[in-house]
Amino acid sequence: MSVAGVTEPGRHYDLVVADDGGKVLDGLARRAFQEPWLFLLRQRAAQLSLVQGFDQLLSLEVIPVVPFPYQLETGQKLLRRFRGRALLADEVGLGKTIEAALVLKEYLLRGLVRKALILTPPALVSQWREELATKFRLEFVTHEDAEFRALGPGAWGRFDLVLASLNTARSGDHARAILGQHYDLVIVDEAHHLKNRASVSWEFVNQLDKKFILLLTATPVQNSLDELFNLITILKPGLLRTMRTFKKEFVTRGDPRLPRNRARLQELLADVMVRNTRSQVGVKLPRRRATTVHLALSPEERELYEAVTGFVRTEHPRVGRSQRGVNRFTLETIQTEIGSSSFAVVPTLNTMAENPHNSPAQREEIRRLLAMARGIKENSKAGALLKVLKATREKAIVFTKYLETLHHLARVLAEAGLSTAVYHGGLSTEQKDACIAEFEAQRQVLLCTEAAGEGRNLQFCNTMVNYDLPWNPMRIEQRVGRIHRIGQEREVSIFNLSAEGTVEDYILRLLDAKINMFELVIGEMDMILGNLADERDFADIVADLWLRAADQAEAEHAFEQFGEELVQAKREYLKAQEYDNLVFGQDYQVTD
């Protein structure tokens, strides 16, 4: 026999779950049925009575990934000792997302969480969604989904599992709707954005009605120990008492960055904070080497690229984002497509040419661009790709964003005699499995779109080529992370194809030459971008810089200025990283 406490609005019951089913059978014979809500409460009590403690994780039996030992230990500590309220401060690249999702999955399986909210920077929403779906079989709705947007602010109460950017959640009607909800679990990624107690973000997260909360950040403190106090206050108000007493006991007078009474501070933080470091857990990744392959477009390709850019720059300031004719979304789409290949832009131009909501002048110009694109039969970057693949002689993954480019490259590589497997989102699960197996066993090249390798082990390959380049660095990191991850034993080579004078050329200058992105640990890029004063998505900033420029010289100047901002943002990140190592050292690893 066991007892489980359960609650029904306004009342609490201690339900006894007995092994003897005689009374139940007698009641059924007399047709003495329970009220539905009471039956469900008794059923839930019976389920809870069978669930063991957190020493044995139920989620490991149902998720398709095997977390590393330190991730399992962290998850168990968060569940058993911290009771679902913790600051997860692992170094970048150790998998805080895995640890937090493990806790989420465990709570869901045990019925301790039903309604969950995950808040991230805008650029990480899609990455979180993919990780949850492929590694934990958790389907979250995002604030960007059509079904969510159709319901307006009321959607926050309709869906139980929601993934959103903090910027969206904290604003206007969204914030009011969210603050009216109760959440069993809230997860905040890159929680250093909550360091300032006077900020809208801190106030919003602190006000959330929540049972459990996980704050994830590799840099809990960046400027002073006040920031640590502010984060801990969200998790466990009163643990560090008041700001005044905290400063008096734990902050060196005259230096707000330097802690005192370290042993006592460590004792308090040990009940709310975990910080794994690469040196502790023995995680080592091989070196990765990036090469930018510069090339010139053919005269026909250059003419088309400049014509498309001119059309986009002319129309972009005149139109909105969602009108039925030419709009900002379609304009930005053809600008990115033409950066991939002339073949990629044809379907979109064709659709635009047939759209009756476009003006006669617009349709005439679109048809002219379409004719130019259809007249181009070869692609300069394809030639550069062939040289790279023939020179490396290694298995290589070639990424492109667009299907038309993918199909063109498949023809080019086949004609050149290179054995190729083709992977894209339109394949069934069985076809995807067969494609990866074929690539591993007998093909030299895997041609793939952004969907390639989601949740798959591709470490048998150590070479990748960015045929075209996403404007969002997080997407680039995801590509690199397919092969440069724990388990990779060889040096990784990355080749970026860059056509002179294109948007992608400028992006590579920013990311490679200015901040050496391809030498960073996966995850560090977002830490750097988080230090920019401009909170917009990186792709939106790039689009604005490119489309506002009247000519190449103006674009050059604008991107150079932005590059200096990125350099400063990286300096701030490295400074914060050094400071965190000074404050926390090796004192908060997973131990019980």
# chains A, B, ... in the order shown; residues from 1 in each chain; ligands from 1

$ residues_around --residues "range 224-239 of chain A" --least-positions-apart "4" --cutoff "10 Å" --atoms "only C-alpha atoms" --output "PyMOL selection string"
chain A and resi 84-87+191-198+202-203+205-208+212-215+219-220+243+246-247+250-252+255-259+268-269+271-273+576+579+583

$ select_by_dssp --residues "range 450-522 of chain A" --states "strand (DSSP E)" --output "PDB file with N, CA, C and O atoms, in the first residue's frame"
ATOM      1  N   THR A 463      35.827  16.222 -43.594  1.00  0.00           N
ATOM      2  CA  THR A 463      35.947  17.338 -44.539  1.00  0.00           C
ATOM      3  C   THR A 463      34.561  17.836 -44.922  1.00  0.00           C
ATOM      4  O   THR A 463      33.668  17.036 -45.213  1.00  0.00           O
ATOM      5  N   MET A 464      34.376  19.141 -44.899  1.00  0.00           N
ATOM      6  CA  MET A 464      33.111  19.708 -45.350  1.00  0.00           C
ATOM      7  C   MET A 464      33.357  20.950 -46.184  1.00  0.00           C
ATOM      8  O   MET A 464      34.373  21.638 -46.027  1.00  0.00           O
ATOM      9  N   VAL A 465      32.404  21.221 -47.082  1.00  0.00           N
ATOM     10  CA  VAL A 465      32.490  22.382 -47.963  1.00  0.00           C
ATOM     11  C   VAL A 465      31.196  23.182 -47.831  1.00  0.00           C
ATOM     12  O   VAL A 465      30.096  22.636 -47.979  1.00  0.00           O
ATOM     13  N   ASN A 466      31.331  24.461 -47.545  1.00  0.00           N
ATOM     14  CA  ASN A 466      30.182  25.372 -47.597  1.00  0.00           C
ATOM     15  C   ASN A 466      30.099  25.918 -49.022  1.00  0.00           C
ATOM     16  O   ASN A 466      30.826  26.850 -49.375  1.00  0.00           O
ATOM     17  N   VAL A 492      39.780  18.319 -38.673  1.00  0.00           N
ATOM     18  CA  VAL A 492      38.648  18.634 -39.545  1.00  0.00           C
ATOM     19  C   VAL A 492      39.031  19.769 -40.490  1.00  0.00           C
ATOM     20  O   VAL A 492      39.610  20.775 -40.068  1.00  0.00           O
ATOM     21  N   SER A 493      38.702  19.590 -41.771  1.00  0.00           N
ATOM     22  CA  SER A 493      38.973  20.619 -42.784  1.00  0.00           C
ATOM     23  C   SER A 493      37.655  21.208 -43.276  1.00  0.00           C
ATOM     24  O   SER A 493      36.738  20.467 -43.631  1.00  0.00           O
ATOM     25  N   ILE A 494      37.600  22.533 -43.303  1.00  0.00           N
ATOM     26  CA  ILE A 494      36.406  23.238 -43.764  1.00  0.00           C
ATOM     27  C   ILE A 494      36.798  24.148 -44.925  1.00  0.00           C
ATOM     28  O   ILE A 494      37.753  24.940 -44.807  1.00  0.00           O
ATOM     29  N   PHE A 495      36.096  24.027 -46.040  1.00  0.00           N
ATOM     30  CA  PHE A 495      36.345  24.865 -47.201  1.00  0.00           C
ATOM     31  C   PHE A 495      35.117  25.753 -47.446  1.00  0.00           C
ATOM     32  O   PHE A 495      33.987  25.254 -47.517  1.00  0.00           O
ATOM     33  N   ASN A 496      35.351  27.057 -47.538  1.00  0.00           N
ATOM     34  CA  ASN A 496      34.279  28.012 -47.813  1.00  0.00           C
ATOM     35  C   ASN A 496      34.481  28.611 -49.199  1.00  0.00           C
ATOM     36  O   ASN A 496      35.515  29.225 -49.463  1.00  0.00           O
ATOM     37  N   LEU A 497      33.503  28.421 -50.072  1.00  0.00           N
ATOM     38  CA  LEU A 497      33.589  29.000 -51.419  1.00  0.00           C
ATOM     39  C   LEU A 497      33.060  30.425 -51.381  1.00  0.00           C
ATOM     40  O   LEU A 497      31.930  30.675 -50.940  1.00  0.00           O
ATOM     41  N   SER A 498      33.847  31.354 -51.863  1.00  0.00           N
ATOM     42  CA  SER A 498      33.504  32.768 -51.753  1.00  0.00           C
ATOM     43  C   SER A 498      33.659  33.473 -53.096  1.00  0.00           C
ATOM     44  O   SER A 498      34.775  33.613 -53.613  1.00  0.00           O
ATOM     45  N   ALA A 499      32.526  33.901 -53.657  1.00  0.00           N
ATOM     46  CA  ALA A 499      32.541  34.654 -54.912  1.00  0.00           C
ATOM     47  C   ALA A 499      32.743  36.136 -54.615  1.00  0.00           C
ATOM     48  O   ALA A 499      32.009  36.728 -53.823  1.00  0.00           O
TER      49      ALA A 499
END

$ select_by_dssp --residues "range 228-457 of chain A" --states "helix (DSSP H, G or I)" --output "PyMOL selection string"
chain A and resi 228-235+243-250+262-269+278-281+299-318+328-340+342-353+360-374+380-392+403-415+429-442

$ closest_atom_pairs --of "range 443-520 of chain A" --to "range 403-409 of chain A" --cutoff "10 Å" --atoms "only C-alpha atoms" --output "Markdown table"
| residue | atom | partner | partner_atom | distance |
| --- | --- | --- | --- | --- |
| A:Leu447 | CA | A:Leu406 | CA | 6.7 |
| A:Cys448 | CA | A:Leu406 | CA | 7.0 |
| A:Thr449 | CA | A:Leu403 | CA | 7.1 |
| A:Tyr467 | CA | A:Thr405 | CA | 9.3 |
| A:Asp468 | CA | A:Thr405 | CA | 9.4 |

$ write_last_selection --atoms "N, CA and C atoms" --output "compact mmCIF listing (two decimals), in the first residue's frame"
# COMPACT_ATOMS: atom_id res chain seq x y z
N LEU A 447 26.19 15.20 -50.89
CA LEU A 447 25.60 16.49 -51.22
C LEU A 447 24.35 16.65 -50.38
N CYS A 448 24.24 17.75 -49.66
CA CYS A 448 23.11 17.83 -48.75
C CYS A 448 22.66 19.27 -48.51
N THR A 449 21.40 19.38 -48.11
CA THR A 449 20.82 20.66 -47.72
C THR A 449 20.98 20.82 -46.21
N TYR A 467 29.23 25.30 -49.82
CA TYR A 467 29.09 25.76 -51.20
C TYR A 467 28.46 27.15 -51.23
N ASP A 468 27.43 27.31 -50.43
CA ASP A 468 26.89 28.64 -50.17
C ASP A 468 26.89 28.84 -48.66

$ closest_residue --among "A:Ile334, A:Ile397, A:Leu386, A:Ile98" --to "Ala416 in chain A" --atoms "only C-alpha atoms"
A:Leu386

$ atom_distance --atom1 "CA of Phe538 in chain A" --atom2 "CA of Ala123 in chain A"
7.9 Å

$ closest_residue --among "A:Tyr402, A:Met517, A:Arg114, A:Trp128" --to "Leu161 in chain A" --atoms "only C-alpha atoms"
A:Arg114

$ closest_residue --among "A:Val62, A:Leu104, A:Val521, A:Leu349" --to "Gln76 in chain A" --atoms "only C-alpha atoms"
A:Leu104

$ atom_distance --atom1 "CA of Arg571 in chain A" --atom2 "CA of Pro286 in chain A"
24.2 Å

$ residues_around --residues "range 359-369 of chain A" --least-positions-apart "3" --cutoff "10 Å" --atoms "only C-alpha atoms" --output "NGL selection string"
:A and (303-305 or 307-308 or 311 or 315 or 325-326 or 345-346 or 348-356 or 372-375)

$ residues_around --residues "Glu560 in chain A" --least-positions-apart "3" --cutoff "12 Å" --atoms "only C-alpha atoms" --output "list in words"
Tyr506, Ile507, Leu508, Arg509, Leu510, Leu511, Ala513, Lys514, Val542, Leu545, Trp546, Ala553, Glu554, Ala555, Glu556, His557, Gly563, Glu564, Glu565, Leu566 and Val567 of chain A

$ closest_residue --among "A:Lys401, A:Asp534, A:Thr142, A:Leu413" --to "Lys387 in chain A" --atoms "only C-alpha atoms"
A:Leu413

$ residues_around --residues "range 472-478 of chain A" --least-positions-apart "6" --cutoff "8 Å" --atoms "only C-alpha atoms" --output "JSON list (two decimals) with C-alpha atoms, in the first residue's frame"
[["chain", "number", "residue", "atom", "x", "y", "z"],
["A", 123, "ALA", "CA", 19.14, 32.82, -33.35],
["A", 124, "LEU", "CA", 18.94, 29.67, -31.21],
["A", 127, "GLN", "CA", 18.62, 24.89, -32.99],
["A", 522, "ILE", "CA", 30.89, 25.34, -31.06],
["A", 523, "GLY", "CA", 28.71, 27.69, -29.03],
["A", 525, "MET", "CA", 29.86, 32.38, -31.62],
["A", 526, "ASP", "CA", 26.55, 33.02, -29.93],
["A", 537, "ASP", "CA", 19.37, 38.58, -35.62],
["A", 538, "PHE", "CA", 22.77, 38.57, -37.37],
["A", 539, "ALA", "CA", 21.09, 37.88, -40.73]]

$ residues_around --residues "Arg313 in chain A" --least-positions-apart "3" --cutoff "6 Å" --atoms "only C-alpha atoms" --output "count of residues only"
3

$ residues_around --residues "Gln577 in chain A" --least-positions-apart "2" --cutoff "8 Å" --atoms "only C-alpha atoms" --output "PDB file with C-alpha atoms, in the first residue's frame"
ATOM      1  CA  ALA A 218      28.786  29.693 -19.725  1.00  0.00           C
ATOM      2  CA  THR A 219      29.553  33.135 -18.255  1.00  0.00           C
ATOM      3  CA  GLN A 222      30.846  39.255 -16.826  1.00  0.00           C
ATOM      4  CA  TYR A 573      33.508  37.532 -24.347  1.00  0.00           C
ATOM      5  CA  LEU A 574      37.127  36.486 -23.757  1.00  0.00           C
ATOM      6  CA  LYS A 575      37.340  38.929 -20.867  1.00  0.00           C
ATOM      7  CA  TYR A 579      36.764  36.432 -15.205  1.00  0.00           C
ATOM      8  CA  ASP A 580      34.508  33.408 -14.699  1.00  0.00           C
ATOM      9  CA  ASN A 581      37.504  31.111 -14.528  1.00  0.00           C
TER      10      ASN A 581
END

$ atom_distance --atom1 "CA of Val283 in chain A" --atom2 "CA of Leu72 in chain A"
14.9 Å

$ closest_residue --among "A:Glu519, A:Glu578, A:Glu504, A:Glu378" --to "Glu301 in chain A" --atoms "only C-alpha atoms"
A:Glu378
